[in-house]
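A.B. asks: Once you've had a glance at the structure underneath, I'll fire off some questions.
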Amino acid sequence: MCALLTGGGYAERVAVPVGQLLPVPRGVSLTDAAALPEVACTVWSNLVMVGGLRAGQTVLVHGGGSGVGTFAVQFAKALGARVAVTAGSEEKLARCRDLGAEITVNYRTQDFTEVLRAEGGADLILDIMGGSYLEGNLRSLATNGRLVIIGLMGGGAAEIDLGRMLVKRLSVQATTLRSRPAQEKATIVSGVLEQVWPLVEEGTIRPVVDRALSIEDAAEAHRVMESSAHTGKILLTR
Ligand SMILES: NC(=O)c1ccc[n+]([C@@H]2O[C@H](COP(=O)([O-])OP(=O)(O)OC[C@H]3O[C@@H](n4cnc5c(N)ncnc54)[C@H](OP(=O)(O)O)[C@@H]3O)[C@@H](O)[C@H]2O)c1
């Protein structure tokens, strides 16, 4: 089995409510399966349940090379959406193109708002930055666009232009998986089992694992994550 944890992942044994268990998908190793439940539940709940993403729509995934981002690109592509990403290096953007992204923006050298507006705007944005990207995100959305904020790497406070929201009929939601009650986590896990696991088992979505390090090297894993040298997930093994 693999599981969506409530917390406490740096352990050999964990206890989780039964509704948070998932079978290891066929064709995926037990180690690589550790890379899946959290990102699959985050991506499915926010793109489908909260964001209402449908085939033919354009979705912007900020941090396309992240653990969450690499999964979101593959899942949105599998849904039939047009996928745009931001990342801070050409290497990560190339990885995102391999995973299915059609529009790639290097946020260090390009303005994502200009690129998205030239492409007709995004119907949905999956955002990990929060405050620092709020204005640019609202400007990048098409009419009826939805902004779903799942991280606050750019701070938790910003001024909001409500006029822009009125005119374009925009919505903004912010969510965390961790704060959802067990019942909601179980609903998400069963949605993932039904709608996402088959895509993993047929190979349409692959776990993106940057490296696996021994639990003794957890500090090194954190250094890699802080330097942002990784694409996808960093795993800790025994
Ligand atoms: N709400 C939830 O339920 C939930 C669940 C899971 C994760 N999260 C959050 O989602 C975020 C990503 O998690 P993760 O595990 O996938 O992290 P991660 O793999 O460490 O990724 C962080 C990414 O942020 C990118 N980034 C940094 N500055 C950026 C900018 N200005 N514009 C665009 N991208 C930028 C980095 O890319 P570059 O190297 O290219 O800069 C890196 O790929 C975190 O904030 C995490 O807390 C939320």
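Ligands are numbered from 1 in the order shown, chains are lettered A, B, ... in the order of the structure tokens, and residues start at 1 in each chain.
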What's the 12 Å shell around Val167 in chain A, counting only C-alpha atoms, without same-chain residues fewer than 6 positions away, as a PyMOL selection string?
C.D. replies: chain A and resi 138-139+141-145+161
A.B. asks: If we count only C-alpha atoms and set the cut-off at 12 Å, which residues sit around Trp197 in chain A, ignoring sequence neighbours fewer than 3 positions away in its own chain? Please answer as a PyMOL selection string.
C.D. replies: chain A and resi 22-28+33+36-37+40-41+44+75+189-194+200-207
A.B. asks: As a quick test: using only C-alpha atoms and all ligand atoms, which residues lie no more than 9 Å away from ligand 1? Give them as a count of residues only.
C.D. replies: 59
A.B. asks: From a DSSP pass on the backbone, collect the residues of range 63-211 of chain A flagged as alpha helix (DSSP H) and hand them back as a PyMOL selection string.
C.D. replies: chain A and resi 67-79+90-99+112-118+134-140+162-168+182-195+197-201
A.B. asks: Just C-alpha atoms for this one: save the residues we selected as a PDB file, in the first residue's frame.
C.D. replies:
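Saved to selection.pdb:
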```pdb
ATOM      1  CA  GLY A  67       6.844  17.814  -7.095  1.00  0.00           C
ATOM      2  CA  VAL A  68       3.291  19.078  -7.408  1.00  0.00           C
ATOM      3  CA  GLY A  69       3.951  20.746 -10.779  1.00  0.00           C
ATOM      4  CA  THR A  70       5.376  17.711 -12.595  1.00  0.00           C
ATOM      5  CA  PHE A  71       2.289  15.727 -11.621  1.00  0.00           C
ATOM      6  CA  ALA A  72      -0.110  18.571 -12.459  1.00  0.00           C
ATOM      7  CA  VAL A  73       1.336  18.959 -15.965  1.00  0.00           C
ATOM      8  CA  GLN A  74       0.887  15.261 -16.731  1.00  0.00           C
ATOM      9  CA  PHE A  75      -2.604  15.046 -15.243  1.00  0.00           C
ATOM     10  CA  ALA A  76      -3.895  18.213 -16.932  1.00  0.00           C
ATOM     11  CA  LYS A  77      -2.495  17.020 -20.269  1.00  0.00           C
ATOM     12  CA  ALA A  78      -4.211  13.651 -19.777  1.00  0.00           C
ATOM     13  CA  LEU A  79      -7.503  15.490 -19.132  1.00  0.00           C
ATOM     14  CA  GLU A  90      15.530  26.217 -19.268  1.00  0.00           C
ATOM     15  CA  GLU A  91      16.312  22.691 -18.072  1.00  0.00           C
ATOM     16  CA  LYS A  92      13.139  22.529 -15.957  1.00  0.00           C
ATOM     17  CA  LEU A  93      11.090  24.028 -18.790  1.00  0.00           C
ATOM     18  CA  ALA A  94      12.416  21.336 -21.148  1.00  0.00           C
ATOM     19  CA  ARG A  95      11.365  18.656 -18.630  1.00  0.00           C
ATOM     20  CA  CYS A  96       7.915  20.247 -18.478  1.00  0.00           C
ATOM     21  CA  ARG A  97       7.645  20.120 -22.283  1.00  0.00           C
ATOM     22  CA  ASP A  98       8.553  16.405 -22.151  1.00  0.00           C
ATOM     23  CA  LEU A  99       5.737  15.915 -19.625  1.00  0.00           C
ATOM     24  CA  PHE A 112       4.166  35.172 -17.433  1.00  0.00           C
ATOM     25  CA  THR A 113       1.237  37.599 -17.562  1.00  0.00           C
ATOM     26  CA  GLU A 114       2.238  38.888 -20.997  1.00  0.00           C
ATOM     27  CA  VAL A 115       2.734  35.370 -22.335  1.00  0.00           C
ATOM     28  CA  LEU A 116      -0.610  34.113 -21.005  1.00  0.00           C
ATOM     29  CA  ARG A 117      -2.536  37.158 -22.207  1.00  0.00           C
ATOM     30  CA  ALA A 118      -1.057  36.688 -25.689  1.00  0.00           C
ATOM     31  CA  LEU A 134      -1.697  37.613  -7.017  1.00  0.00           C
ATOM     32  CA  GLU A 135      -1.924  40.619  -9.304  1.00  0.00           C
ATOM     33  CA  GLY A 136      -0.155  38.901 -12.206  1.00  0.00           C
ATOM     34  CA  ASN A 137      -2.385  35.861 -11.776  1.00  0.00           C
ATOM     35  CA  LEU A 138      -5.602  37.895 -11.885  1.00  0.00           C
ATOM     36  CA  ARG A 139      -4.332  39.701 -14.985  1.00  0.00           C
ATOM     37  CA  SER A 140      -3.489  36.363 -16.626  1.00  0.00           C
ATOM     38  CA  LEU A 162     -11.749  43.575  -7.062  1.00  0.00           C
ATOM     39  CA  GLY A 163     -12.708  45.570 -10.158  1.00  0.00           C
ATOM     40  CA  ARG A 164     -10.715  43.182 -12.304  1.00  0.00           C
ATOM     41  CA  MET A 165     -12.537  40.305 -10.623  1.00  0.00           C
ATOM     42  CA  LEU A 166     -15.984  41.839 -11.252  1.00  0.00           C
ATOM     43  CA  VAL A 167     -15.397  42.543 -14.907  1.00  0.00           C
ATOM     44  CA  LYS A 168     -13.930  39.121 -15.714  1.00  0.00           C
ATOM     45  CA  ALA A 182     -10.384  12.769   7.368  1.00  0.00           C
ATOM     46  CA  GLN A 183     -13.755  12.381   5.639  1.00  0.00           C
ATOM     47  CA  GLU A 184     -12.783  14.881   2.917  1.00  0.00           C
ATOM     48  CA  LYS A 185      -9.351  13.297   2.550  1.00  0.00           C
ATOM     49  CA  ALA A 186     -11.084   9.933   2.043  1.00  0.00           C
ATOM     50  CA  THR A 187     -13.338  11.426  -0.654  1.00  0.00           C
ATOM     51  CA  ILE A 188     -10.271  12.805  -2.442  1.00  0.00           C
ATOM     52  CA  VAL A 189      -8.386   9.512  -2.130  1.00  0.00           C
ATOM     53  CA  SER A 190     -11.299   7.589  -3.659  1.00  0.00           C
ATOM     54  CA  GLY A 191     -11.491  10.118  -6.516  1.00  0.00           C
ATOM     55  CA  VAL A 192      -7.777   9.641  -7.119  1.00  0.00           C
ATOM     56  CA  LEU A 193      -8.145   5.855  -7.095  1.00  0.00           C
ATOM     57  CA  GLU A 194     -10.948   6.030  -9.641  1.00  0.00           C
ATOM     58  CA  GLN A 195      -9.722   8.783 -11.956  1.00  0.00           C
ATOM     59  CA  TRP A 197      -4.625   5.578 -10.728  1.00  0.00           C
ATOM     60  CA  PRO A 198      -5.722   4.129 -14.110  1.00  0.00           C
ATOM     61  CA  LEU A 199      -3.644   6.841 -15.830  1.00  0.00           C
ATOM     62  CA  VAL A 200      -0.632   5.854 -13.727  1.00  0.00           C
ATOM     63  CA  GLU A 201      -1.151   2.128 -14.413  1.00  0.00           C
TER      64      GLU A 201
END
```
A.B. asks: Residues at most 8 Å from Ala3 in chain A, counting only C-alpha atoms, excluding those fewer than 2 positions away in the same chain, as number ranges by chain?
C.D. replies: A: 1, 5, 16, 20-22, 34, 37
A.B. asks: Report, in Å with one decimal, the straight-line distance from CA of Gly80 in chain A to CA of Asp123 in chain A.
C.D. replies: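 Separation between CA of Gly80 in chain A and CA of Asp123 in chain A: 13.3 Å.
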A.B. asks: Run DSSP on the backbone and give me the residues of range 44-218 of chain A it puts in strand (DSSP E), as a ChimeraX atom specification.
C.D. replies: /A:58-61,82-87,103-106,122-127,141-149,171-174,209-214
A.B. asks: In Å, how far is it from CA of Val224 in chain A to CA of Gly156 in chain A?
C.D. replies: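 About the pair CA of Val224 in chain A and CA of Gly156 in chain A: they are 24.6 Å apart.
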